[in-house]
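Student: So here's upload.txt, just compact mmCIF, C-alpha atoms:
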# COMPACT_ATOMS: atom_id res chain seq x y z
CA MET A 1 0.00 0.00 0.00
CA LYS A 2 1.34 3.42 -0.93
CA GLU A 3 2.25 5.83 1.85
CA ASP A 4 -0.34 8.43 0.77
CA ARG A 5 -2.63 9.90 3.37
CA LEU A 6 -5.37 7.62 4.67
CA LYS A 7 -8.85 8.58 3.52
CA ILE A 8 -12.05 7.12 4.97
CA ILE A 9 -15.08 7.28 2.71
CA GLU A 10 -18.49 5.70 2.29
CA ALA A 11 -18.12 2.43 0.43
CA GLY A 12 -19.61 1.95 -2.99
CA LEU A 13 -20.17 -1.08 -5.18
CA GLU A 14 -16.72 -0.51 -6.67
CA HIS A 15 -15.21 -1.40 -3.27
CA LEU A 16 -16.97 -4.74 -2.87
CA GLU A 17 -14.15 -6.88 -4.25
CA GLY A 18 -11.68 -5.42 -1.74
CA ILE A 19 -14.20 -5.69 1.11
CA ALA A 20 -14.91 -9.33 0.22
CA SER A 21 -11.20 -10.14 -0.01
CA ILE A 22 -10.45 -8.74 3.46
CA TYR A 23 -13.51 -10.43 4.93
CA ASN A 24 -12.79 -13.80 3.36
CA ASP A 25 -9.23 -13.71 4.69
CA ALA A 26 -10.72 -13.18 8.16
CA VAL A 27 -13.16 -16.06 7.62
CA LEU A 28 -10.37 -18.46 6.68
CA GLU A 29 -7.65 -17.34 9.09
CA THR A 30 -9.17 -15.71 12.20
CA THR A 31 -11.94 -15.88 14.75
CA ALA A 32 -12.90 -12.26 14.06
CA THR A 33 -15.98 -13.66 12.34
CA PHE A 34 -17.83 -16.85 13.12
CA ASP A 35 -18.54 -17.42 9.43
CA THR A 36 -16.66 -20.53 8.36
CA GLU A 37 -17.01 -20.37 4.56
CA PRO A 38 -15.84 -17.53 2.30
CA GLU A 39 -18.56 -15.41 0.73
CA THR A 40 -19.07 -14.92 -2.98
CA LEU A 41 -19.10 -11.44 -4.44
CA GLY A 42 -22.86 -11.85 -4.94
CA GLU A 43 -23.38 -12.64 -1.25
CA ARG A 44 -21.28 -9.64 -0.26
CA ARG A 45 -23.30 -7.44 -2.65
CA ALA A 46 -26.59 -8.56 -1.04
CA TRP A 47 -25.07 -7.81 2.39
CA PHE A 48 -23.99 -4.35 1.17
CA GLU A 49 -27.36 -3.49 -0.33
CA ALA A 50 -29.11 -4.49 2.92
CA HIS A 51 -27.00 -1.96 4.83
CA VAL A 52 -27.24 1.25 2.84
CA PRO A 53 -28.34 3.92 3.75
CA ARG A 54 -29.36 3.34 7.41
CA TYR A 55 -26.31 1.26 8.28
CA PRO A 56 -23.18 2.63 6.62
CA VAL A 57 -20.28 0.68 5.20
CA ILE A 58 -17.03 2.65 5.05
CA VAL A 59 -13.59 1.93 3.63
CA ALA A 60 -10.10 3.16 4.46
CA LEU A 61 -8.20 4.05 1.30
CA ARG A 62 -4.55 4.87 0.86
CA GLY A 63 -3.33 5.49 -2.64
CA GLY A 64 -6.61 4.08 -3.97
CA GLU A 65 -6.14 0.71 -2.24
CA ILE A 66 -8.52 -0.60 0.42
CA GLY A 67 -6.68 -1.13 3.68
CA GLY A 68 -9.76 -1.90 5.73
CA TRP A 69 -13.47 -1.54 6.02
CA ALA A 70 -16.09 -1.19 8.71
CA ALA A 71 -19.86 -1.29 9.00
CA LEU A 72 -22.77 -0.74 11.27
CA SER A 73 -25.38 -3.51 11.22
CA PRO A 74 -28.75 -3.95 12.89
CA TRP A 75 -28.37 -5.42 16.36
CA SER A 76 -31.75 -7.13 16.05
CA PRO A 77 -34.72 -6.97 13.68
CA LYS A 78 -37.07 -6.23 16.63
CA PRO A 79 -38.42 -2.64 16.38
CA ALA A 80 -37.44 -1.71 19.95
CA TYR A 81 -33.77 -2.19 18.97
CA ALA A 82 -33.98 0.29 16.08
CA ARG A 83 -31.50 2.69 17.74
CA SER A 84 -28.95 -0.04 18.49
CA ALA A 85 -26.31 -1.25 16.04
CA GLU A 86 -23.42 -3.68 15.91
CA ILE A 87 -19.96 -2.61 14.82
CA SER A 88 -17.71 -4.59 12.48
CA VAL A 89 -14.13 -3.53 11.70
CA TYR A 90 -11.76 -5.46 9.41
CA VAL A 91 -8.23 -4.50 8.38
CA ARG A 92 -6.08 -6.10 5.75
CA LYS A 93 -3.71 -8.50 7.52
CA ASP A 94 -0.52 -6.89 6.19
CA LEU A 95 -1.63 -3.57 7.72
CA TRP A 96 -2.52 -4.75 11.23
CA GLY A 97 -1.13 -2.49 13.94
CA GLY A 98 -1.04 0.64 11.79
CA GLY A 99 -4.01 2.43 13.33
CA ILE A 100 -6.45 1.87 10.45
CA GLY A 101 -8.89 -0.07 12.66
CA SER A 102 -8.99 2.70 15.27
CA LYS A 103 -9.67 5.32 12.61
CA LEU A 104 -12.45 3.24 11.08
CA LEU A 105 -13.98 2.66 14.52
CA ALA A 106 -13.89 6.39 15.34
CA GLN A 107 -15.63 7.18 12.05
CA LEU A 108 -18.32 4.54 12.71
CA ILE A 109 -19.05 6.09 16.10
CA GLU A 110 -19.60 9.44 14.36
CA GLU A 111 -21.77 7.75 11.73
CA GLY A 112 -23.87 6.24 14.53
CA ARG A 113 -24.33 9.65 16.15
CA SER A 114 -25.31 11.26 12.85
CA ARG A 115 -27.95 8.56 12.33
CA ASN A 116 -29.43 9.15 15.80
CA LEU A 117 -28.37 5.75 17.12
CA LEU A 118 -28.27 5.38 20.87
CA THR A 119 -25.92 2.47 21.42
CA LEU A 120 -23.26 0.59 19.47
CA MET A 121 -22.13 -2.90 20.40
CA ALA A 122 -19.31 -5.20 19.41
CA ARG A 123 -18.99 -8.96 19.76
CA ILE A 124 -15.35 -9.96 20.09
CA ALA A 125 -14.17 -13.57 20.12
CA GLU A 126 -11.96 -14.88 22.87
CA GLY A 127 -8.29 -14.20 22.30
CA ASN A 128 -8.69 -10.99 20.30
CA THR A 129 -7.17 -8.69 22.91
CA VAL A 130 -6.09 -6.16 20.27
CA SER A 131 -9.73 -5.59 19.29
CA ILE A 132 -10.81 -5.35 22.93
CA HIS A 133 -8.15 -2.70 23.64
CA MET A 134 -9.05 -0.78 20.47
CA HIS A 135 -12.70 -0.66 21.51
CA GLU A 136 -11.80 0.35 25.09
CA ARG A 137 -9.68 3.24 23.77
CA ALA A 138 -12.71 4.38 21.74
CA GLY A 139 -14.93 4.41 24.84
CA PHE A 140 -16.55 0.96 24.70
CA ARG A 141 -17.00 -0.98 27.92
CA THR A 142 -17.40 -4.71 28.46
CA ILE A 143 -21.00 -5.51 29.39
CA GLY A 144 -20.81 -9.29 29.40
CA VAL A 145 -19.26 -12.49 28.17
CA MET A 146 -21.17 -15.19 26.35
CA LYS A 147 -19.54 -18.42 27.48
CA SER A 148 -18.88 -21.15 24.91
CA ALA A 149 -20.77 -19.13 22.30
CA GLY A 150 -19.13 -20.50 19.17
CA GLU A 151 -16.77 -23.05 17.73
CA LYS A 152 -14.17 -22.35 15.08
CA PHE A 153 -10.95 -24.12 14.11
CA GLY A 154 -11.81 -26.85 16.61
CA ARG A 155 -11.93 -24.45 19.55
CA ILE A 156 -14.91 -23.55 21.74
CA LEU A 157 -14.85 -19.76 22.13
CA ASP A 158 -16.30 -17.22 24.52
CA VAL A 159 -17.49 -13.90 23.09
CA THR A 160 -17.07 -10.58 24.87
CA ILE A 161 -19.85 -8.04 24.29
CA MET A 162 -18.77 -4.40 24.42
CA GLN A 163 -20.96 -1.30 24.23
CA ILE A 164 -20.74 2.44 23.90
CA ILE A 165 -23.70 4.69 24.66
CA LEU A 166 -23.66 7.60 22.25
CA ASP A 167 -24.22 11.12 23.53
CA ARG A 168 -27.87 11.91 23.99
CA ASP A 169 -29.24 15.21 22.72
Please rewrite the model in this file as structure tokens.

Tutor:
Amino acid sequence: MKEDRLKIIEAGLEHLEGIASIYNDAVLETTATFDTEPETLGERRAWFEAHVPRYPVIVALRGGEIGGWAALSPWSPKPAYARSAEISVYVRKDLWGGGIGSKLLAQLIEEGRSRNLLTLMARIAEGNTVSIHMHERAGFRTIGVMKSAGEKFGRILDVTIMQIILDRD
């Protein structure tokens, strides 16, 4: 990735291939997602179209290349949860530790505020201390742990739930 300035923008259909590539790497190599099979570009497109405009998808670009992406998603389809959203942040593996995830997370928090959301939550699989620390630095707090919530790569995993309450007007 070129050393040009990082730019975070709303994702468009032209970014789907890069988004899918980063996500599928996470599916195959990490517990950041509990999906176990890579997604096709068509599946990722359906996911994207279900998000916009209420739940934004953003990308981090440097020199025109996607270094990471992030999204807000509905926490639940129940109407009473309409002002709650879940955060997802994914960074290209070769760029881990460079601050892209923190910048994407900060932008998602602002996107949540601008959409009048009240609370943002993250589900983080056991062992992902980097993600937990990143969320803590952004103001998220641990609100619970789901014990033995999933299984991936032959391991039973707990999931930490973190939350930030956005400023109320």

Student: Could you jot down the atom CA of A:Met162 to atom CA of A:His135 separation for me, Å, one decimal place?

Tutor: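 Computing it gives 7.7 Å between the two atoms.
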
Student: Tell me, in Å to one decimal, how far atom CA of A:Trp69 is from atom CA of A:Arg5.

Tutor: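 Value for the atom CA of A:Trp69-atom CA of A:Arg5 distance: 16.0 Å.
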
Student: Rank A:Ser148, A:Thr129, A:Ser102, A:Ser114 by their smallest atom-to-atom distance to A:Val89, using only C-alpha atoms, and report the top residue only.

Tutor: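 The answer is A:Ser102, which sits nearest to A:Val89.
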
Student: Which residue, A:Glu17, A:Asp25, A:Phe34, A:Lys7, has the smallest gap to A:Leu61 when you use only C-alpha atoms?

Tutor: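 The closest residue to A:Leu61 is A:Lys7.
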
Student: Please determine, counting only C-alpha atoms, which residue among A:Leu41, A:Ile8, A:Ala46, A:Val52 has the shortest atom-to-atom distance to A:Ala106.

Tutor: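 Selected residue with least distance to A:Ala106: A:Ile8.
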